[in-house]
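Visitor: Just one file: protein01.cif, with mmCIF, C-alpha atoms and all ligand atoms.
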```cif
data_target
#
loop_
_atom_site.label_atom_id
_atom_site.label_comp_id
_atom_site.auth_asym_id
_atom_site.auth_seq_id
_atom_site.Cartn_x
_atom_site.Cartn_y
_atom_site.Cartn_z
CA MET A 22 98.06 159.18 89.53
CA PHE A 23 100.86 157.51 87.54
CA ARG A 24 101.93 160.90 86.33
CA LYS A 25 102.18 162.14 89.91
CA VAL A 26 104.29 159.17 90.99
CA TYR A 27 106.45 159.60 87.91
CA TYR A 28 106.96 163.30 88.62
CA TRP A 29 107.73 162.56 92.25
CA ILE A 30 110.46 160.12 91.24
CA ASP A 31 111.67 162.35 88.43
CA GLU A 32 111.99 165.33 90.76
CA ARG A 33 114.44 163.34 92.88
CA LEU A 34 116.32 161.27 90.31
CA ASN A 35 115.94 163.35 87.17
CA ILE A 36 115.25 160.30 85.04
CA ARG A 37 113.35 162.11 82.28
CA PRO A 38 116.31 163.19 80.16
CA TYR A 39 117.75 159.71 80.53
CA ILE A 40 114.53 158.03 79.36
CA ARG A 41 114.37 160.45 76.42
CA LYS A 42 117.93 159.97 75.35
CA GLU A 43 118.23 156.24 75.93
CA ILE A 44 114.78 154.97 75.01
CA LEU A 45 112.41 157.31 73.20
CA ASP A 46 114.94 159.30 71.19
CA LYS A 47 117.61 156.63 70.88
CA PRO A 48 119.00 156.76 67.36
CA VAL A 49 119.43 153.51 65.43
CA HIS A 50 120.59 153.09 61.87
CA GLY A 51 117.92 153.51 59.23
CA ARG A 52 117.96 150.03 57.77
CA LEU A 53 116.13 148.17 60.51
CA ASN A 54 113.33 145.86 59.47
CA PHE A 55 111.02 143.41 61.22
CA THR A 56 113.66 140.68 61.42
CA TYR A 57 115.39 142.84 64.04
CA CYS A 58 112.39 142.23 66.27
CA PHE A 59 113.01 138.53 66.83
CA GLY A 60 115.34 139.13 69.79
CA GLY A 61 112.84 141.45 71.39
CA MET A 62 110.03 138.98 70.72
CA THR A 63 112.07 136.26 72.40
CA PHE A 64 112.53 138.52 75.40
CA PHE A 65 108.82 139.33 75.52
CA LEU A 66 108.01 135.61 75.49
CA PHE A 67 110.54 135.09 78.27
CA LEU A 68 108.69 137.66 80.40
CA LEU A 69 105.35 135.98 79.66
CA LEU A 70 106.81 132.62 80.61
CA THR A 71 108.10 134.05 83.86
CA ILE A 72 104.75 135.52 84.85
CA THR A 73 102.68 132.46 83.92
CA GLY A 74 105.32 130.12 85.34
CA VAL A 75 105.45 131.83 88.74
CA SER A 76 101.64 131.77 88.83
CA MET A 77 101.53 128.03 88.18
CA ALA A 78 104.27 127.39 90.73
CA ILE A 79 101.80 128.59 93.35
CA TYR A 80 99.84 125.36 92.78
CA TYR A 81 102.37 122.91 91.40
CA VAL A 82 103.98 120.29 93.64
CA PRO A 83 107.04 118.48 92.25
CA SER A 84 106.48 115.04 93.70
CA PRO A 85 105.51 111.83 91.88
CA ASP A 86 102.39 111.51 94.01
CA HIS A 87 101.12 115.01 93.45
CA ALA A 88 102.60 116.50 90.27
CA TYR A 89 99.93 115.16 87.93
CA ASP A 90 97.10 115.99 90.34
CA THR A 91 98.27 119.53 90.91
CA VAL A 92 98.65 120.18 87.18
CA ASP A 93 95.18 118.78 86.58
CA TYR A 94 93.83 120.92 89.41
CA LEU A 95 95.44 124.17 88.30
CA THR A 96 94.31 123.59 84.71
CA TYR A 97 90.69 122.57 85.20
CA GLN A 98 89.63 123.72 88.68
CA ILE A 99 91.21 127.14 88.95
CA PHE A 100 89.81 130.23 87.26
CA MET A 101 91.71 130.94 84.00
CA GLY A 102 93.81 127.81 84.54
CA LYS A 103 93.59 126.69 80.92
CA VAL A 104 94.57 130.17 79.77
CA ILE A 105 97.59 130.49 82.06
CA ARG A 106 98.86 127.01 81.27
CA GLY A 107 98.07 127.46 77.60
CA VAL A 108 100.00 130.71 77.40
CA HIS A 109 102.97 129.06 79.12
CA HIS A 110 102.79 126.14 76.70
CA TRP A 111 102.55 128.22 73.54
CA ALA A 112 105.00 130.87 74.64
CA ALA A 113 107.50 128.10 75.36
CA ASN A 114 107.05 126.62 71.90
CA LEU A 115 107.17 130.01 70.21
CA MET A 116 110.27 131.03 72.12
CA VAL A 117 112.23 128.21 70.50
CA VAL A 118 111.00 129.42 67.11
CA THR A 119 111.76 133.11 67.70
CA VAL A 120 115.17 132.47 69.25
CA PHE A 121 116.06 130.41 66.22
CA LEU A 122 114.84 133.09 63.82
CA HIS A 123 116.80 135.66 65.83
CA MET A 124 119.95 133.58 65.50
CA LEU A 125 119.30 133.15 61.80
CA ARG A 126 118.91 136.90 61.35
CA VAL A 127 122.13 137.59 63.19
CA TYR A 128 123.86 134.98 61.09
CA ILE A 129 122.52 136.22 57.76
CA HIS A 130 123.44 139.81 58.58
CA GLY A 131 126.89 138.72 59.65
CA ALA A 132 126.24 140.57 62.92
CA TYR A 133 128.25 137.99 64.85
CA LYS A 134 131.52 139.25 63.34
CA LYS A 135 134.06 141.44 65.11
CA PRO A 136 133.41 143.26 67.42
CA ARG A 137 130.26 141.29 68.32
CA GLU A 138 131.75 137.82 68.88
CA LEU A 139 131.09 137.98 72.60
CA ASN A 140 127.43 138.57 71.98
CA TRP A 141 127.32 135.59 69.68
CA ILE A 142 128.94 133.50 72.41
CA THR A 143 126.47 134.59 75.10
CA GLY A 144 123.82 134.00 72.43
CA VAL A 145 124.86 130.39 71.97
CA MET A 146 124.69 129.92 75.75
CA LEU A 147 121.22 131.48 75.76
CA PHE A 148 120.16 129.11 73.01
CA VAL A 149 121.30 126.11 75.05
CA LEU A 150 119.44 127.49 78.07
CA VAL A 151 116.23 127.92 76.07
CA LEU A 152 116.39 124.29 74.92
CA SER A 153 117.13 123.15 78.48
CA PHE A 154 114.04 125.01 79.65
CA SER A 155 111.97 123.07 77.13
CA PHE A 156 113.48 119.75 78.10
CA THR A 157 113.12 120.18 81.88
CA GLY A 158 109.65 121.70 81.64
CA TYR A 159 108.39 118.78 79.60
CA LEU A 160 108.77 116.38 82.53
CA LEU A 161 106.87 118.44 85.08
CA PRO A 162 103.26 117.40 84.25
CA TRP A 163 104.39 113.83 85.07
CA ASP A 164 102.14 112.15 82.53
CA GLN A 165 103.05 109.35 80.10
CA LYS A 166 104.38 111.73 77.48
CA ALA A 167 106.55 113.47 80.07
CA TYR A 168 107.90 110.24 81.48
CA TRP A 169 108.84 108.58 78.22
CA ALA A 170 110.19 111.73 76.59
CA THR A 171 112.48 112.25 79.55
CA LYS A 172 113.43 108.60 79.58
CA VAL A 173 114.53 108.84 75.95
CA GLY A 174 116.12 112.28 76.37
CA THR A 175 118.19 111.35 79.39
CA GLN A 176 119.22 108.06 77.78
CA MET A 177 120.86 109.80 74.84
CA PRO A 178 124.07 110.96 76.54
CA GLY A 179 124.49 107.30 77.53
CA SER A 180 126.15 106.63 74.19
CA VAL A 181 129.00 109.02 74.93
CA PRO A 182 132.11 106.88 75.53
CA LEU A 183 133.44 106.52 79.11
CA ILE A 184 131.41 109.20 80.90
CA GLY A 185 128.05 108.48 79.22
CA ASP A 186 126.61 106.29 81.94
CA TYR A 187 127.71 108.73 84.62
CA VAL A 188 126.04 111.66 82.83
CA VAL A 189 122.77 109.74 82.53
CA ARG A 190 122.82 108.99 86.25
CA VAL A 191 123.55 112.60 87.19
CA LEU A 192 120.71 113.85 85.00
CA ARG A 193 118.28 111.35 86.50
CA GLY A 194 119.55 111.44 90.05
CA GLY A 195 120.02 107.67 89.86
CA SER A 196 119.51 104.93 87.33
CA LYS A 197 115.75 105.37 86.98
CA ILE A 198 113.41 108.27 86.31
CA GLY A 199 111.59 108.97 89.55
CA ALA A 200 111.10 111.30 92.47
CA LEU A 201 114.73 112.45 92.35
CA THR A 202 114.56 113.22 88.64
CA LEU A 203 111.37 115.22 89.05
CA SER A 204 112.67 117.42 91.83
CA ARG A 205 116.00 118.15 90.17
CA PHE A 206 114.28 118.99 86.88
CA TYR A 207 111.91 121.25 88.78
CA VAL A 208 114.73 123.17 90.41
CA LEU A 209 116.56 123.46 87.10
CA HIS A 210 113.40 124.71 85.43
CA VAL A 211 112.26 127.27 87.98
CA ILE A 212 115.42 128.39 89.77
CA PHE A 213 118.66 127.54 88.03
CA LEU A 214 117.82 128.19 84.38
CA PRO A 215 115.83 131.41 84.99
CA SER A 216 118.63 132.97 87.01
CA MET A 217 121.24 131.94 84.45
CA ILE A 218 119.19 133.28 81.56
CA ALA A 219 118.51 136.56 83.40
CA ALA A 220 122.21 137.05 84.11
CA LEU A 221 123.21 136.31 80.51
CA LEU A 222 120.48 138.57 79.13
CA ILE A 223 121.81 141.49 81.14
CA GLY A 224 125.18 140.92 79.49
CA HIS A 225 123.57 140.42 76.07
CA PHE A 226 121.62 143.69 76.29
CA ALA A 227 124.47 145.68 77.82
CA MET A 228 126.73 144.68 74.95
CA ILE A 229 124.13 145.63 72.35
CA ARG A 230 123.82 149.03 74.01
CA ARG A 231 127.55 149.50 74.11
CA GLN A 232 128.15 148.47 70.50
CA GLY A 233 124.92 149.50 68.81
CA ILE A 234 122.97 147.34 66.40
CA ALA A 235 125.05 146.14 63.48
CA GLU A 236 124.37 147.52 60.03
CA PRO A 237 123.23 144.85 57.61
CA LEU A 238 125.84 143.84 55.05
CA MET B 13 97.06 170.66 71.86
CA SER B 14 95.59 170.69 68.38
CA PRO B 15 96.07 167.71 66.06
CA LYS B 16 98.62 169.77 64.12
CA ASP B 17 100.95 169.78 67.12
CA ILE B 18 101.10 166.01 67.32
CA THR B 19 104.39 165.10 65.78
CA ARG B 20 105.17 161.64 64.50
CA ARG B 21 107.37 161.18 67.55
CA ARG B 22 104.57 162.12 69.93
CA LEU B 23 102.18 159.75 68.15
CA MET B 24 104.65 156.90 68.59
CA GLU B 25 104.95 157.74 72.28
CA ILE B 26 101.21 157.68 72.74
CA GLY B 27 101.01 154.43 70.77
CA ILE B 28 103.62 152.81 73.01
CA LYS B 29 101.76 153.88 76.13
CA VAL B 30 98.36 152.74 74.86
CA MET B 31 99.67 149.36 73.73
CA GLY B 32 101.69 148.88 76.89
CA GLY B 33 98.62 149.69 78.97
CA PHE B 34 96.49 147.32 76.95
CA ILE B 35 98.96 144.46 77.25
CA SER B 36 99.38 145.00 81.01
CA ALA B 37 95.64 145.16 81.61
CA THR B 38 94.80 142.09 79.56
CA SER B 39 97.54 140.06 81.26
CA ALA B 40 96.77 141.33 84.75
CA PHE B 41 93.18 140.12 84.69
CA PRO B 42 93.81 136.38 84.14
CA ILE B 43 96.91 136.38 86.34
CA ILE B 44 95.25 138.00 89.33
CA GLY B 45 92.16 135.84 88.84
CA PHE B 46 94.24 132.68 88.64
CA ILE B 47 96.26 133.45 91.75
CA THR B 48 93.37 134.53 93.96
CA ALA B 49 90.67 132.11 92.73
CA PRO B 50 90.78 129.46 95.49
CA SER B 51 90.99 132.06 98.26
CA LEU B 52 87.53 133.32 97.42
CA LYS B 53 85.83 129.95 97.48
CA GLN B 54 83.14 129.58 100.15
CA GLU B 55 83.34 126.58 102.43
CA GLU B 56 80.42 124.21 101.90
CA ASP B 57 78.51 123.19 104.98
CA LYS B 58 78.02 119.55 105.84
CA TRP B 59 76.62 117.45 108.64
CA ILE B 60 79.24 115.54 110.60
CA ASP B 61 78.54 112.51 112.79
CA VAL B 62 80.12 112.95 116.24
CA GLY B 63 78.81 109.74 117.84
CA ALA B 64 75.75 108.06 119.37
CA ILE B 65 73.62 109.81 121.98
CA ASN B 66 74.71 107.16 124.47
CA ASP B 67 78.33 108.25 124.09
CA PHE B 68 77.40 111.53 125.76
CA PRO B 69 76.32 111.08 129.39
CA PRO B 70 73.77 113.83 130.08
CA GLY B 71 74.32 116.89 132.20
CA THR B 72 77.83 117.92 131.31
CA TYR B 73 80.00 118.80 128.35
CA ILE B 74 81.73 115.93 126.56
CA LYS B 75 84.29 116.38 123.84
CA GLY B 76 82.91 115.75 120.33
CA VAL B 77 85.37 114.92 117.57
CA MET B 78 84.26 116.10 114.14
CA GLU B 79 86.10 114.07 111.57
CA SER B 80 85.34 114.67 107.94
CA GLN B 81 86.78 114.31 104.48
CA VAL B 82 87.65 117.64 102.97
CA LYS B 83 88.85 118.74 99.59
CA ASP B 84 91.87 120.85 100.37
CA GLY B 85 92.52 122.23 96.90
CA TRP B 86 93.85 119.30 94.89
CA TYR B 87 94.33 117.26 98.04
CA ILE B 88 91.64 115.09 99.61
CA THR B 89 92.30 114.68 103.27
CA LYS B 90 90.74 114.12 106.68
CA GLU B 91 90.10 117.13 108.81
CA ARG B 92 89.58 117.00 112.54
CA ALA B 93 87.88 119.66 114.61
CA LEU B 94 86.55 119.68 118.15
CA CYS B 95 83.32 120.76 119.76
CA TRP B 96 81.78 120.39 123.21
CA ILE B 97 78.46 118.59 123.41
CA LYS B 98 75.97 118.59 126.29
CA VAL B 99 72.91 116.34 126.26
CA ASP B 100 70.23 117.69 128.56
CA GLY B 101 67.01 115.74 128.28
CA ASP B 102 65.65 116.52 124.79
CA LYS B 103 67.96 119.40 124.32
CA ILE B 104 71.39 118.92 122.82
CA VAL B 105 73.86 121.78 122.79
CA ALA B 106 77.03 121.85 120.70
CA VAL B 107 79.56 124.56 121.48
CA SER B 108 82.37 125.14 119.02
CA ALA B 109 85.77 124.60 120.62
CA THR B 110 87.33 127.33 118.52
CA CYS B 111 88.32 130.27 120.71
CA SER B 112 86.89 133.56 119.46
CA HIS B 113 90.22 135.25 120.09
CA LEU B 114 92.74 133.66 117.73
CA GLY B 115 91.31 130.22 117.18
CA CYS B 116 92.92 127.80 119.64
CA ASN B 117 90.84 124.91 120.98
CA VAL B 118 89.16 125.62 124.32
CA TYR B 119 88.64 122.85 126.88
CA TRP B 120 85.87 122.27 129.39
CA ASP B 121 87.09 122.59 132.96
CA GLU B 122 84.74 120.50 135.10
CA ALA B 123 86.06 121.90 138.39
CA SER B 124 85.29 125.56 137.66
CA LYS B 125 82.50 124.80 135.11
CA ASN B 126 84.18 127.08 132.64
CA PHE B 127 85.59 126.80 129.15
CA LYS B 128 89.25 127.77 129.20
CA CYS B 129 91.64 128.60 126.44
CA PRO B 130 95.25 127.47 126.86
CA CYS B 131 96.68 130.04 124.46
CA HIS B 132 96.06 133.42 126.12
CA ALA B 133 94.04 132.41 129.17
CA GLY B 134 90.61 133.28 127.85
CA VAL B 135 87.78 132.06 130.12
CA TYR B 136 84.14 131.48 129.13
CA ASP B 137 81.19 130.42 131.28
CA SER B 138 79.19 127.23 130.71
CA GLU B 139 77.09 129.03 128.10
CA GLY B 140 80.19 130.05 126.22
CA LYS B 141 79.98 133.73 127.22
CA VAL B 142 83.23 135.54 127.92
CA ILE B 143 84.23 135.95 131.56
CA LYS B 144 87.83 137.01 131.27
CA GLY B 145 90.75 137.43 128.97
CA PRO B 146 91.19 138.63 125.41
CA PRO B 147 88.31 136.81 123.59
CA PRO B 148 86.06 139.45 121.98
CA ARG B 149 82.82 137.44 121.91
CA ALA B 150 81.09 134.26 123.06
CA LEU B 151 81.97 130.85 121.67
CA ASP B 152 80.11 129.94 118.48
CA ARG B 153 77.43 127.27 118.50
CA LEU B 154 76.98 124.42 116.07
CA GLN B 155 73.64 123.36 114.71
CA VAL B 156 72.68 119.91 115.95
CA LYS B 157 70.37 117.25 114.59
CA VAL B 158 69.65 113.70 115.65
CA GLU B 159 69.23 110.91 113.14
CA GLY B 160 68.28 107.63 114.77
CA GLU B 161 70.72 107.29 117.64
CA ARG B 162 73.40 109.44 116.06
CA ILE B 163 74.21 113.07 116.77
CA LEU B 164 75.16 115.18 113.76
CA VAL B 165 76.56 118.69 113.94
CA ASN B 166 76.88 121.20 111.16
CA SER B 167 80.38 122.16 110.03
CA ILE B 168 79.63 125.88 109.73
CA PRO B 169 79.48 127.52 113.18
CA VAL B 170 76.77 130.01 114.10
CA PRO B 171 77.48 133.01 116.36
CA TYR B 172 76.06 132.70 119.89
CA GLY B 173 72.40 133.64 120.06
CA GLU B 174 71.70 133.26 116.34
CA GLY B 175 70.13 130.48 114.28
CA LYS B 176 68.13 127.54 115.53
CA ASN B 177 69.15 124.80 117.92
CA VAL B 178 71.45 127.05 119.88
C1 LIG C 1 116.87 134.18 75.33
C2 LIG C 1 117.28 134.35 74.12
C3 LIG C 1 117.66 135.67 73.45
C4 LIG C 1 117.14 136.93 73.64
C5 LIG C 1 115.99 137.32 74.57
C6 LIG C 1 117.89 137.83 72.78
C7 LIG C 1 117.63 139.17 72.65
C8 LIG C 1 118.30 140.01 71.78
C9 LIG C 1 117.87 141.33 71.39
C10 LIG C 1 116.60 142.05 71.91
C11 LIG C 1 118.79 141.82 70.50
C12 LIG C 1 118.69 143.18 69.77
C13 LIG C 1 118.64 143.00 68.24
C14 LIG C 1 117.62 142.03 67.74
O1 LIG C 1 116.58 141.85 68.41
O2 LIG C 1 117.83 141.42 66.67
C15 LIG C 1 119.82 140.84 70.35
C16 LIG C 1 120.96 140.98 69.57
C17 LIG C 1 121.91 139.98 69.33
N1 LIG C 1 121.76 138.65 69.65
FE1 LIG C 1 120.35 137.90 70.87
N2 LIG C 1 118.87 137.12 72.11
C18 LIG C 1 118.75 135.80 72.49
C19 LIG C 1 119.50 134.74 72.00
C20 LIG C 1 120.53 134.86 71.08
C21 LIG C 1 121.16 133.75 70.37
C22 LIG C 1 120.73 132.29 70.53
C23 LIG C 1 122.16 134.27 69.59
C24 LIG C 1 123.14 133.58 68.67
C25 LIG C 1 123.76 132.47 68.98
C26 LIG C 1 122.17 135.71 69.80
C27 LIG C 1 123.06 136.59 69.21
C28 LIG C 1 122.87 137.96 69.18
C29 LIG C 1 123.79 138.90 68.56
C30 LIG C 1 125.18 138.57 67.93
C31 LIG C 1 123.20 140.17 68.65
C32 LIG C 1 123.74 141.50 68.13
C33 LIG C 1 123.11 141.67 66.78
C34 LIG C 1 123.35 143.04 66.16
O3 LIG C 1 124.04 143.86 66.77
O4 LIG C 1 122.81 143.23 65.06
N3 LIG C 1 121.15 136.04 70.68
N4 LIG C 1 119.51 139.73 71.12
S1 LIG C 2 93.28 132.10 121.25
FE1 LIG C 2 92.10 131.71 123.02
S2 LIG C 2 92.66 133.31 124.32
FE2 LIG C 2 93.83 133.75 122.54
#
```
In structure tokens, how does this file's structure come out?
Ligand code: HEM
Ligand code: FES
Guide:
Amino acid sequence: MFRKVYYWIDERLNIRPYIRKEILDKPVHGRLNFTYCFGGMTFFLFLLLTITGVSMAIYYVPSPDHAYDTVDYLTYQIFMGKVIRGVHHWAANLMVVTVFLHMLRVYIHGAYKKPRELNWITGVMLFVLVLSFSFTGYLLPWDQKAYWATKVGTQMPGSVPLIGDYVVRVLRGGSKIGALTLSRFYVLHVIFLPSMIAALLIGHFAMIRRQGIAEPL
Amino acid sequence: MSPKDITRRRLMEIGIKVMGGFISATSAFPIIGFITAPSLKQEEDKWIDVGAINDFPPGTYIKGVMESQVKDGWYITKERALCWIKVDGDKIVAVSATCSHLGCNVYWDEASKNFKCPCHAGVYDSEGKVIKGPPPRALDRLQVKVEGERILVNSIPVPYGEGKNV
């Protein structure tokens, strides 16, 4: 069945030589090792997070009255709830680890040097986005841990001179953590950050394709 | 193809496909289960108090309001539904107000002694059988029981002509 669909598409678009040349038979230099997989692992975790995250968004309600109840419901009342939420939780934690290892590998191999500076720069932005995902996602279950972690986290920029207080208020949507904080964190977590990360990843991957993987030193 | 013909390249290709298939299948199962789980849940039946016998003067249909607490997923809320109740000596009939066409509430029209639906002009006779309009079948009945002076109806409707107490 799949073969038939594939042939049908191939007959019209002639994608087979392209898939061969660009994916299956794509030459890379011979000194790759497993540390080159960290970027790909990060991307795989990102896909997992997207799938499990969209699934949970079907049940989650970002309001102070309902957030905790809906998380409790989707975890304990819905079939496979613990698995879906657990995968999201662990993939999120692992993604921070793999993205860091990926960065470390690029750094140790000196792969950030000319001509790959732009990829390092998009990389730094991606790193910031990954951490922002973690920070905004942490508030969503709306339990004690979420509340106090976000209280502390949003208080930190308060020590920046002059604009500090303003930044805290913008992050919280007011002076306190409450309904406005929850809904803006939710939108950041499920709409803004995913679209930003997707856009930057397209650039990241396109540049790797254009320049090829760097040889180790 | 004999094993000899399988090149290293071909083996890698097969490996990629097998692993990709395995990963997709093992992720698809929990995801699809998780998303569809609540849709497959059967509604539990319960007995709902619609009032005292004295609230329903005999001989004609009176509106019965079925108010009950329901668990709507993670949300506990009050649900309201209507039925039409006729007390006739010992016999009590409860007709579901839900139109068999697309589910609007029908009303009892005393003048014509018909049930009428405001949505697409469906008309039923006093038994709930279709006279006119798009409804495909008679109005459902609700099981009735009397406890002391109170009338209770069952939340799960029964098609006309089936079950007891109809
Ligand atoms: C969402 C996060 C990220 C994903 C999914 C991702 C993905 C990838 C992938 C798949 C590669 C191919 C080579 C490899 O895997 O090692 C790559 C290369 C690269 N990445 Fe990332 N990356 C991410 C974040 C970062 C970060 C945080 C940095 C550094 C600040 C960075 C800098 C680079 C550079 C410079 C290359 C080119 C390396 C070379 O040509 O050898 N990336 N990235
Ligand atoms: S819903 Fe009653 S006639 Fe269509």
Visitor: Could you please determine the separation between CA of Lys58 (chain B) and CA of Val158 (chain B) in Å, to one decimal place?
Guide: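 Those two atoms sit 14.2 Å apart.
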Visitor: Write down, as a PyMOL selection string, each residue of chain B that has any atom within 8 Å of an atom of chain A, counting all atoms listed in the file.
Guide: chain B and resi 25+42-43+45-47+49-50+85-86
Visitor: Set the cut-off to 9 Å, count all atoms listed in the file, and list whatever residues fall near ligand LIG 1 (chain C) as a count of residues only.
Guide: 60
Visitor: Could the residues that lie within 12 Å of ligand LIG 2 (chain C), counting all atoms listed in the file, be listed as a PyMOL selection string?
Guide: chain B and resi 109-119+127-136+142-151
Visitor: Can you tell me how far CA of Gly101 (chain B) sits from CA of Gly71 (chain B), in Å to one decimal?
Guide: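 Computing it gives 8.4 Å between the two atoms.
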Visitor: So how many Å separate CA of Tyr73 (chain B) and CA of Lys98 (chain B), to one decimal?
Guide: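 Separation of CA of Tyr73 (chain B) and CA of Lys98 (chain B): 4.5 Å.
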Visitor: Which residue gives the smallest distance to Lys75 (chain B) among B:Ala106, B:Thr89, B:Ser51, B:Glu139, with only C-alpha atoms counted?
Guide: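 Residue with the minimum atom-to-atom distance to Lys75 (chain B): B:Ala106.
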Visitor: Would you please work out which residue, of B:Asp84, B:Glu161, B:Glu174, B:Asp137, is nearest to Lys53 (chain B) when using all atoms listed in the file?
Guide: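 Checking each candidate against Lys53 (chain B), we get B:Asp84 as the closest.
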Visitor: Can you tell me, as a list of chain:residue names, which residues sit within 7 Å of (85.6, 115.1, 122.0) in the file's frame, using only C-alpha atoms?
Guide: B:Ile74, B:Lys75, B:Gly76, B:Val77, B:Leu94, B:Cys95, B:Trp96
Visitor: Using C-alpha atoms, can you write the selected residues to a file as a CSV table (one decimal), in the coordinates of the input?
Guide:
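The file below, again-v8.csv, is the result:
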```csv
chain,number,residue,atom,x,y,z
B,74,ILE,CA,81.7,115.9,126.6
B,75,LYS,CA,84.3,116.4,123.8
B,76,GLY,CA,82.9,115.8,120.3
B,77,VAL,CA,85.4,114.9,117.6
B,94,LEU,CA,86.6,119.7,118.2
B,95,CYS,CA,83.3,120.8,119.8
B,96,TRP,CA,81.8,120.4,123.2
```
